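The file data_15.cif contains mmCIF, C-alpha atoms:
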data_structure
#
loop_
_atom_site.group_PDB
_atom_site.id
_atom_site.type_symbol
_atom_site.label_atom_id
_atom_site.label_comp_id
_atom_site.auth_asym_id
_atom_site.auth_seq_id
_atom_site.Cartn_x
_atom_site.Cartn_y
_atom_site.Cartn_z
ATOM 1 C CA MET A 29 -16.720 -15.714 -4.374
ATOM 2 C CA VAL A 30 -15.286 -12.242 -4.907
ATOM 3 C CA THR A 31 -12.347 -11.533 -2.650
ATOM 4 C CA ALA A 32 -9.898 -8.700 -2.357
ATOM 5 C CA GLY A 33 -6.270 -9.113 -3.243
ATOM 6 C CA LYS A 34 -4.768 -11.961 -5.184
ATOM 7 C CA LYS A 35 -5.514 -15.063 -3.189
ATOM 8 C CA LYS A 36 -4.206 -18.027 -5.116
ATOM 9 C CA VAL A 37 -6.663 -20.689 -6.237
ATOM 10 C CA ALA A 38 -5.508 -24.240 -5.566
ATOM 11 C CA GLY A 39 -5.225 -26.013 -8.910
ATOM 12 C CA ALA A 40 -6.499 -29.494 -9.656
ATOM 13 C CA ARG A 41 -4.065 -32.398 -9.645
ATOM 14 C CA ARG A 42 -4.320 -34.048 -13.026
ATOM 15 C CA PRO A 43 -4.185 -37.808 -13.526
ATOM 16 C CA GLU A 44 -1.093 -39.430 -14.967
ATOM 17 C CA VAL A 45 -2.472 -42.434 -16.784
ATOM 18 C CA ARG A 46 0.183 -44.801 -18.134
ATOM 19 C CA LEU A 47 -1.469 -47.830 -19.634
ATOM 20 C CA PRO A 48 0.415 -51.122 -19.874
ATOM 21 C CA PRO A 49 0.301 -53.196 -23.091
ATOM 22 C CA LEU A 50 -3.379 -53.980 -23.529
ATOM 23 C CA GLU A 51 -5.154 -57.141 -24.603
ATOM 24 C CA ALA A 52 -7.966 -56.726 -27.133
ATOM 25 C CA TYR A 53 -11.393 -57.565 -25.745
ATOM 26 C CA GLY A 54 -14.351 -58.249 -27.989
ATOM 27 C CA GLY A 55 -16.947 -59.433 -25.495
ATOM 28 C CA GLY A 56 -19.732 -57.639 -23.698
ATOM 29 C CA LEU A 57 -20.396 -56.327 -20.224
ATOM 30 C CA ALA A 58 -21.399 -58.406 -17.242
ATOM 31 C CA PRO A 59 -22.571 -57.380 -13.757
ATOM 32 C CA ASP A 60 -19.626 -57.308 -11.336
ATOM 33 C CA GLY A 61 -17.305 -58.051 -14.247
ATOM 34 C CA ASP A 62 -13.569 -57.644 -13.738
ATOM 35 C CA TYR A 63 -11.748 -56.035 -16.677
ATOM 36 C CA ASP A 64 -8.001 -55.656 -16.225
ATOM 37 C CA GLY A 65 -5.518 -54.442 -18.847
ATOM 38 C CA LEU A 66 -8.020 -54.652 -21.699
ATOM 39 C CA GLU A 67 -8.788 -52.572 -24.773
ATOM 40 C CA LEU A 68 -12.465 -52.352 -25.678
ATOM 41 C CA ALA A 69 -12.494 -50.797 -29.144
ATOM 42 C CA GLY A 70 -15.467 -50.094 -31.383
ATOM 43 C CA LEU A 71 -17.886 -52.190 -29.335
ATOM 44 C CA ASP A 72 -21.634 -51.641 -29.291
ATOM 45 C CA LEU A 73 -22.512 -51.972 -25.622
ATOM 46 C CA THR A 74 -26.026 -50.592 -26.016
ATOM 47 C CA GLY A 75 -28.324 -51.626 -23.191
ATOM 48 C CA GLN A 76 -25.829 -54.004 -21.637
ATOM 49 C CA SER A 77 -25.554 -54.538 -17.881
ATOM 50 C CA GLY A 78 -22.226 -53.896 -16.180
ATOM 51 C CA GLU A 79 -23.404 -52.897 -12.716
ATOM 52 C CA GLY A 80 -20.579 -53.035 -10.199
ATOM 53 C CA ALA A 81 -17.970 -53.847 -12.842
ATOM 54 C CA ARG A 82 -14.334 -52.888 -12.349
ATOM 55 C CA PHE A 83 -12.151 -51.490 -15.141
ATOM 56 C CA LEU A 84 -8.473 -51.297 -14.185
ATOM 57 C CA ASP A 85 -5.784 -50.145 -16.647
ATOM 58 C CA CYS A 86 -8.304 -50.267 -19.488
ATOM 59 C CA ALA A 87 -9.004 -48.292 -22.646
ATOM 60 C CA LEU A 88 -12.516 -47.881 -24.016
ATOM 61 C CA ARG A 89 -12.290 -46.471 -27.538
ATOM 62 C CA GLU A 90 -15.201 -45.516 -29.819
ATOM 63 C CA CYS A 91 -17.670 -47.647 -27.888
ATOM 64 C CA GLY A 92 -21.440 -47.156 -27.984
ATOM 65 C CA LEU A 93 -22.927 -46.804 -24.504
ATOM 66 C CA ASP A 94 -26.576 -46.015 -25.204
ATOM 67 C CA ALA A 95 -28.626 -47.011 -22.141
ATOM 68 C CA ALA A 96 -25.715 -49.093 -20.834
ATOM 69 C CA ARG A 97 -26.175 -49.865 -17.143
ATOM 70 C CA LEU A 98 -22.954 -49.288 -15.208
ATOM 71 C CA THR A 99 -24.336 -48.337 -11.817
ATOM 72 C CA GLY A 100 -21.619 -48.533 -9.170
ATOM 73 C CA ALA A 101 -18.911 -49.387 -11.709
ATOM 74 C CA ARG A 102 -15.287 -48.440 -11.012
ATOM 75 C CA PHE A 103 -12.953 -46.989 -13.607
ATOM 76 C CA LEU A 104 -9.389 -46.877 -12.296
ATOM 77 C CA ASP A 105 -6.277 -45.720 -14.201
ATOM 78 C CA SER A 106 -8.184 -45.899 -17.462
ATOM 79 C CA VAL A 107 -8.897 -43.914 -20.626
ATOM 80 C CA LEU A 108 -12.255 -43.460 -22.362
ATOM 81 C CA THR A 109 -11.832 -42.065 -25.874
ATOM 82 C CA GLY A 110 -14.619 -41.227 -28.302
ATOM 83 C CA VAL A 111 -17.302 -42.999 -26.294
ATOM 84 C CA ARG A 112 -20.847 -42.058 -27.233
ATOM 85 C CA GLY A 113 -24.289 -42.739 -25.896
ATOM 86 C CA VAL A 114 -27.595 -41.462 -24.585
ATOM 87 C CA GLY A 115 -28.932 -42.360 -21.164
ATOM 88 C CA THR A 116 -25.829 -44.128 -19.912
ATOM 89 C CA GLU A 117 -26.426 -45.126 -16.290
ATOM 90 C CA LEU A 118 -23.400 -44.489 -14.065
ATOM 91 C CA ALA A 119 -25.042 -43.577 -10.771
ATOM 92 C CA GLY A 120 -22.709 -44.165 -7.839
ATOM 93 C CA ALA A 121 -19.800 -44.977 -10.144
ATOM 94 C CA GLN A 122 -16.191 -44.222 -9.221
ATOM 95 C CA PHE A 123 -13.656 -42.629 -11.554
ATOM 96 C CA ARG A 124 -10.107 -42.326 -10.258
ATOM 97 C CA ASP A 125 -7.119 -41.361 -12.399
ATOM 98 C CA VAL A 126 -9.183 -41.345 -15.588
ATOM 99 C CA GLU A 127 -9.078 -39.428 -18.860
ATOM 100 C CA VAL A 128 -12.289 -38.945 -20.872
ATOM 101 C CA VAL A 129 -11.480 -37.657 -24.362
ATOM 102 C CA GLU A 130 -13.878 -36.455 -27.088
ATOM 103 C CA ALA A 131 -16.953 -38.055 -25.547
ATOM 104 C CA ARG A 132 -20.374 -37.496 -27.107
ATOM 105 C CA LEU A 133 -22.935 -38.180 -24.411
ATOM 106 C CA GLY A 134 -26.460 -37.145 -23.534
ATOM 107 C CA GLY A 135 -28.455 -37.625 -20.360
ATOM 108 C CA THR A 136 -25.609 -39.419 -18.601
ATOM 109 C CA GLN A 137 -26.578 -40.319 -15.031
ATOM 110 C CA LEU A 138 -23.666 -39.779 -12.649
ATOM 111 C CA HIS A 139 -25.616 -38.790 -9.547
ATOM 112 C CA GLY A 140 -23.848 -39.847 -6.380
ATOM 113 C CA ALA A 141 -20.692 -40.681 -8.326
ATOM 114 C CA VAL A 142 -17.156 -40.019 -7.078
ATOM 115 C CA LEU A 143 -14.641 -38.447 -9.479
ATOM 116 C CA GLU A 144 -11.050 -37.990 -8.338
ATOM 117 C CA ARG A 145 -8.155 -36.926 -10.567
ATOM 118 C CA VAL A 146 -10.211 -36.919 -13.752
ATOM 119 C CA VAL A 147 -9.765 -34.943 -16.972
ATOM 120 C CA VAL A 148 -12.659 -34.518 -19.388
ATOM 121 C CA ARG A 149 -11.105 -33.202 -22.600
ATOM 122 C CA GLY A 150 -13.028 -32.151 -25.707
ATOM 123 C CA GLY A 151 -16.375 -33.493 -26.809
ATOM 124 C CA LYS A 152 -19.906 -32.530 -25.874
ATOM 125 C CA ILE A 153 -22.056 -33.731 -22.993
ATOM 126 C CA ASP A 154 -25.715 -32.734 -22.728
ATOM 127 C CA TYR A 155 -27.859 -32.964 -19.589
ATOM 128 C CA LEU A 156 -25.100 -34.391 -17.406
ATOM 129 C CA ASN A 157 -26.540 -35.406 -14.031
ATOM 130 C CA LEU A 158 -23.952 -34.984 -11.273
ATOM 131 C CA ARG A 159 -26.385 -34.376 -8.441
ATOM 132 C CA ALA A 160 -24.908 -35.223 -5.023
ATOM 133 C CA ALA A 161 -21.672 -36.324 -6.700
ATOM 134 C CA LYS A 162 -18.209 -35.690 -5.260
ATOM 135 C CA LEU A 163 -15.620 -34.140 -7.574
ATOM 136 C CA LYS A 164 -12.044 -33.668 -6.413
ATOM 137 C CA ASP A 165 -9.164 -32.670 -8.700
ATOM 138 C CA VAL A 166 -11.314 -32.673 -11.838
ATOM 139 C CA VAL A 167 -10.562 -30.697 -15.016
ATOM 140 C CA PHE A 168 -13.050 -29.984 -17.798
ATOM 141 C CA GLU A 169 -10.973 -28.873 -20.768
ATOM 142 C CA GLY A 170 -12.128 -27.726 -24.206
ATOM 143 C CA CYS A 171 -15.534 -29.355 -23.874
ATOM 144 C CA VAL A 172 -19.154 -28.262 -24.142
ATOM 145 C CA LEU A 173 -21.424 -28.956 -21.180
ATOM 146 C CA SER A 174 -25.070 -28.180 -21.883
ATOM 147 C CA GLU A 175 -27.453 -28.044 -18.903
ATOM 148 C CA PRO A 176 -25.229 -29.923 -16.432
ATOM 149 C CA ASP A 177 -26.725 -30.481 -12.982
ATOM 150 C CA PHE A 178 -24.377 -30.109 -10.001
ATOM 151 C CA GLY A 179 -27.233 -29.869 -7.495
ATOM 152 C CA GLY A 180 -26.052 -30.860 -4.021
ATOM 153 C CA ALA A 181 -22.645 -31.888 -5.357
ATOM 154 C CA VAL A 182 -19.327 -31.275 -3.611
ATOM 155 C CA LEU A 183 -16.647 -29.761 -5.855
ATOM 156 C CA GLN A 184 -13.073 -29.367 -4.640
ATOM 157 C CA ARG A 185 -10.242 -28.181 -6.878
ATOM 158 C CA VAL A 186 -12.284 -28.296 -10.078
ATOM 159 C CA GLU A 187 -11.154 -26.358 -13.161
ATOM 160 C CA PHE A 188 -13.003 -25.395 -16.326
ATOM 161 C CA VAL A 189 -10.541 -24.568 -19.135
ATOM 162 C CA ASP A 190 -11.688 -23.258 -22.544
ATOM 163 C CA CYS A 191 -15.159 -24.690 -21.948
ATOM 164 C CA THR A 192 -18.712 -23.738 -22.753
ATOM 165 C CA LEU A 193 -20.974 -24.136 -19.741
ATOM 166 C CA THR A 194 -24.641 -23.304 -20.354
ATOM 167 C CA ASP A 195 -27.740 -23.459 -18.161
ATOM 168 C CA VAL A 196 -25.820 -25.028 -15.304
ATOM 169 C CA ASP A 197 -27.523 -25.803 -11.994
ATOM 170 C CA PHE A 198 -25.442 -25.317 -8.836
ATOM 171 C CA THR A 199 -28.365 -25.476 -6.400
ATOM 172 C CA GLY A 200 -27.137 -26.601 -2.993
ATOM 173 C CA ALA A 201 -23.636 -27.353 -4.278
ATOM 174 C CA ARG A 202 -20.574 -26.834 -2.088
ATOM 175 C CA LEU A 203 -17.583 -25.383 -3.913
ATOM 176 C CA THR A 204 -13.953 -25.104 -2.834
ATOM 177 C CA ASP A 205 -11.283 -23.768 -5.215
ATOM 178 C CA VAL A 206 -13.516 -24.065 -8.271
ATOM 179 C CA ASP A 207 -11.991 -22.060 -11.132
ATOM 180 C CA LEU A 208 -14.556 -20.832 -13.650
ATOM 181 C CA ARG A 209 -12.328 -18.222 -15.269
ATOM 182 C CA GLY A 210 -11.554 -20.457 -18.246
ATOM 183 C CA VAL A 211 -15.221 -20.806 -19.210
ATOM 184 C CA GLN A 212 -15.711 -19.086 -22.557
ATOM 185 C CA ARG A 213 -19.481 -18.969 -22.193
ATOM 186 C CA LEU A 214 -21.000 -19.207 -18.736
ATOM 187 C CA GLY A 215 -24.731 -19.416 -18.166
ATOM 188 C CA ILE A 216 -26.167 -20.275 -14.757
ATOM 189 C CA ALA A 217 -29.797 -21.369 -14.652
ATOM 190 C CA ALA A 218 -30.013 -21.936 -10.886
ATOM 191 C CA GLY A 219 -27.914 -21.950 -7.752
ATOM 192 C CA VAL A 220 -25.997 -18.715 -8.227
ATOM 193 C CA GLU A 221 -26.144 -18.335 -4.452
ATOM 194 C CA SER A 222 -23.970 -21.465 -4.157
ATOM 195 C CA LEU A 223 -20.995 -19.943 -5.982
ATOM 196 C CA ALA A 224 -19.128 -19.131 -2.774
ATOM 197 C CA GLY A 225 -15.815 -20.950 -3.114
ATOM 198 C CA ALA A 226 -15.557 -20.309 -6.853
ATOM 199 C CA VAL A 227 -13.460 -17.754 -8.687
ATOM 200 C CA VAL A 228 -14.697 -15.876 -11.759
ATOM 201 C CA SER A 229 -13.199 -13.208 -13.967
ATOM 202 C CA THR A 230 -14.296 -9.580 -13.907
ATOM 203 C CA ALA A 231 -16.016 -9.998 -17.270
ATOM 204 C CA GLN A 232 -17.896 -13.058 -16.011
ATOM 205 C CA LEU A 233 -18.993 -11.161 -12.925
ATOM 206 C CA LEU A 234 -20.495 -8.465 -15.132
ATOM 207 C CA ASP A 235 -22.301 -11.121 -17.174
ATOM 208 C CA LEU A 236 -23.654 -12.680 -13.983
ATOM 209 C CA ALA A 237 -24.780 -9.343 -12.546
ATOM 210 C CA PRO A 238 -28.418 -9.631 -13.743
ATOM 211 C CA VAL A 239 -28.731 -13.122 -12.255
ATOM 212 C CA LEU A 240 -27.178 -11.997 -8.973
ATOM 213 C CA ALA A 241 -29.389 -8.925 -8.856
ATOM 214 C CA ALA A 242 -32.514 -10.995 -9.451
ATOM 215 C CA ARG A 243 -31.510 -13.474 -6.745
ATOM 216 C CA LEU A 244 -30.958 -10.630 -4.266
ATOM 217 C CA GLY A 245 -34.143 -8.835 -5.263
ATOM 218 C CA LEU A 246 -32.258 -5.801 -6.547
ATOM 219 C CA ARG A 247 -33.752 -3.486 -9.145
ATOM 220 C CA VAL A 248 -31.297 -1.994 -11.609
ATOM 221 C CA GLU A 249 -32.629 1.065 -13.405
#
Taking this structure as input, can you express it in the form of structure tokens?
Amino acid sequence: MVTAGKKKVAGARRPEVRLPPLEAYGGGLAPDGDYDGLELAGLDLTGQSGEGARFLDCALRECGLDAARLTGARFLDSVLTGVRGVGTELAGAQFRDVEVVEARLGGTQLHGAVLERVVVRGGKIDYLNLRAAKLKDVVFEGCVLSEPDFGGAVLQRVEFVDCTLTDVDFTGARLTDVDLRGVQRLGIAAGVESLAGAVVSTAQLLDLAPVLAARLGLRVE
């Protein structure tokens, strides 16, 4: 939304994750599993079922999550570092006070998920599905998001810092204090009309002008 003056944008509250001494865990996932104070390092969790599992004060490091089923899982006060996978199922999951660092993911399903006080730092995520998700106090920092889908999502105090954001879909999204000024490359495929509640830089506004004109039916000659 373009506004006059210098109205301050409310910044996201970042998580402060302080992990206790962790116990190494070498097992697999289980539905409704309870993982507390564990370090899961270098595990291949491909195709495993962890629906409804709870991860509290945990670290997942360099784990493979291809087609892992974690629908409705809860990640609380935890760190995910170097996780990788295609088609990871996290629909309806909850992330609260979580850091995701250098993830390499594709087609991750997070529709209907709830993210609160989350930092996604570095890495690359393709085709991220956040439809109808709720994001509050979330920071995307130094990462590449290719074709993310925020359709129908609710975003409140969300920041994009030094990111690349291409072919994003904001259709039907509701935005409040969403700061896009730190996006180095911003491409919006759909939903430009839902950007009310976001703040962009002057240069970004000029880049978005053709999309805005097309949406409004304006001819520029």
Got a sec: who's within 8 Å of A:Gly225, counting all atoms listed in the file, leaving out chain neighbours fewer than 4 positions off, as a CSV table (one decimal) with C-alpha atoms, in the coordinates of the input?
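Writing done, so here's around_28.csv:
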chain,number,residue,atom,x,y,z
A,29,MET,CA,-16.7,-15.7,-4.4
A,202,ARG,CA,-20.6,-26.8,-2.1
A,203,LEU,CA,-17.6,-25.4,-3.9
A,204,THR,CA,-14.0,-25.1,-2.8
A,205,ASP,CA,-11.3,-23.8,-5.2
A,206,VAL,CA,-13.5,-24.1,-8.3
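For the pair atom CA of A:Gly215 and atom CA of A:Pro176, the separation is 10.7 Å.
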request  = Given the file shown, enumerate the residues that the PyMOL selection byres ((chain A and resi 77) around 6) captures and present them as a VMD selection string.
outcome  = chain A and resid 57 to 59 76 78 to 79 97
Selected residue of minimal separation from A:Val239 among A:Arg46, A:Ile216, A:Ala201, A:Val107, counting only C-alpha atoms = A:Ile216
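Residues having any atom no farther than 12 Å from (-20.8, -12.4, -15.5) (counting all atoms listed in the file) are Val30, Leu208, Arg209, Val211, Gln212, Arg213, Leu214, Gly215, Ile216, Val220, Val227, Val228, Ser229, Thr230, Ala231, Gln232, Leu233, Leu234, Asp235, Leu236, Ala237, Pro238, Val239, Leu240 and Ala241 of chain A.
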Write out, as a tab-separated table (two decimals), in the coordinates of the input, the residues just selected, with C-alpha atoms.
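Result saved to out35.tsv:
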chain	number	residue	atom	x	y	z
A	30	VAL	CA	-15.29	-12.24	-4.91
A	208	LEU	CA	-14.56	-20.83	-13.65
A	209	ARG	CA	-12.33	-18.22	-15.27
A	211	VAL	CA	-15.22	-20.81	-19.21
A	212	GLN	CA	-15.71	-19.09	-22.56
A	213	ARG	CA	-19.48	-18.97	-22.19
A	214	LEU	CA	-21.00	-19.21	-18.74
A	215	GLY	CA	-24.73	-19.42	-18.17
A	216	ILE	CA	-26.17	-20.27	-14.76
A	220	VAL	CA	-26.00	-18.72	-8.23
A	227	VAL	CA	-13.46	-17.75	-8.69
A	228	VAL	CA	-14.70	-15.88	-11.76
A	229	SER	CA	-13.20	-13.21	-13.97
A	230	THR	CA	-14.30	-9.58	-13.91
A	231	ALA	CA	-16.02	-10.00	-17.27
A	232	GLN	CA	-17.90	-13.06	-16.01
A	233	LEU	CA	-18.99	-11.16	-12.92
A	234	LEU	CA	-20.50	-8.46	-15.13
A	235	ASP	CA	-22.30	-11.12	-17.17
A	236	LEU	CA	-23.65	-12.68	-13.98
A	237	ALA	CA	-24.78	-9.34	-12.55
A	238	PRO	CA	-28.42	-9.63	-13.74
A	239	VAL	CA	-28.73	-13.12	-12.26
A	240	LEU	CA	-27.18	-12.00	-8.97
A	241	ALA	CA	-29.39	-8.93	-8.86
Residue IDs satisfying the PyMOL selection byres ((chain A and resi 80-83) around 6), as a count of residues only = 14
request  = May I have the residues within 7 Å of A:Thr109 as a PyMOL selection string, using all atoms listed in the file and disregarding those fewer than 3 positions away in the same chain?
outcome  = chain A and resi 88-90+128-131
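Across the model, the gap from atom CA of A:Ser222 to atom CA of A:Gly200 is 6.1 Å.
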inquiry  = Quick check on the file I pasted: which residues fall under the PyMOL selection byres ((chain A and resi 148) around 7)? Write them as number ranges by chain.
reply    = A: 127-129, 146-147, 149-150, 167-169
Any chance you could work out the axis-aligned box around stretch 62-69 of chain A, listed atoms only, 4 Å on each side, giving centre and edge lengths in Å to one decimal, as JSON?
{"center_x": -9.5, "center_y": -54.2, "center_z": -21.4, "size_x": 16.1, "size_y": 14.8, "size_z": 23.4}
key: Selection near A:Asp105, 7 Å with all atoms listed in the file, sequence-local residues under 6 positions removed, as number ranges by chain   = A: 45, 84-85, 124-126
key: Within 10 Å of A:Gly180 using all atoms listed in the file, minus same-chain residues under 5 positions, as a count of residues only   = 15
key: Counting only C-alpha atoms, the residue of A:Ala52, A:Leu246, A:Gly210, A:Leu173 that sits nearest A:Val189   = A:Gly210
ask   = Just how far from atom CA of A:Ala181 is atom CA of A:Ala121, in Å to one decimal?
value = 14.2 Å
ask   = Excluding same-chain residues fewer than 2 positions from A:Val172, what lies within 8 Å of it counting all atoms listed in the file, as an MDAnalysis selection string?
value = chainID A and resid 150:153 170 174 191:193
May I have the selected residues written with C-alpha atoms, as a PDB file, in the coordinates of the input?
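New file selection07.pdb:
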ATOM      1  CA  GLY A 150     -13.028 -32.151 -25.707  1.00  0.00           C
ATOM      2  CA  GLY A 151     -16.375 -33.493 -26.809  1.00  0.00           C
ATOM      3  CA  LYS A 152     -19.906 -32.530 -25.874  1.00  0.00           C
ATOM      4  CA  ILE A 153     -22.056 -33.731 -22.993  1.00  0.00           C
ATOM      5  CA  GLY A 170     -12.128 -27.726 -24.206  1.00  0.00           C
ATOM      6  CA  SER A 174     -25.070 -28.180 -21.883  1.00  0.00           C
ATOM      7  CA  CYS A 191     -15.159 -24.690 -21.948  1.00  0.00           C
ATOM      8  CA  THR A 192     -18.712 -23.738 -22.753  1.00  0.00           C
ATOM      9  CA  LEU A 193     -20.974 -24.136 -19.741  1.00  0.00           C
TER      10      LEU A 193
END
key: Top pick for closest residue to A:Ala38, considering A:Glu187, A:Glu117, A:Asp154, A:Asp72 and counting all atoms listed in the file   =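 For A:Ala38, the nearest of the given residues is A:Glu187.
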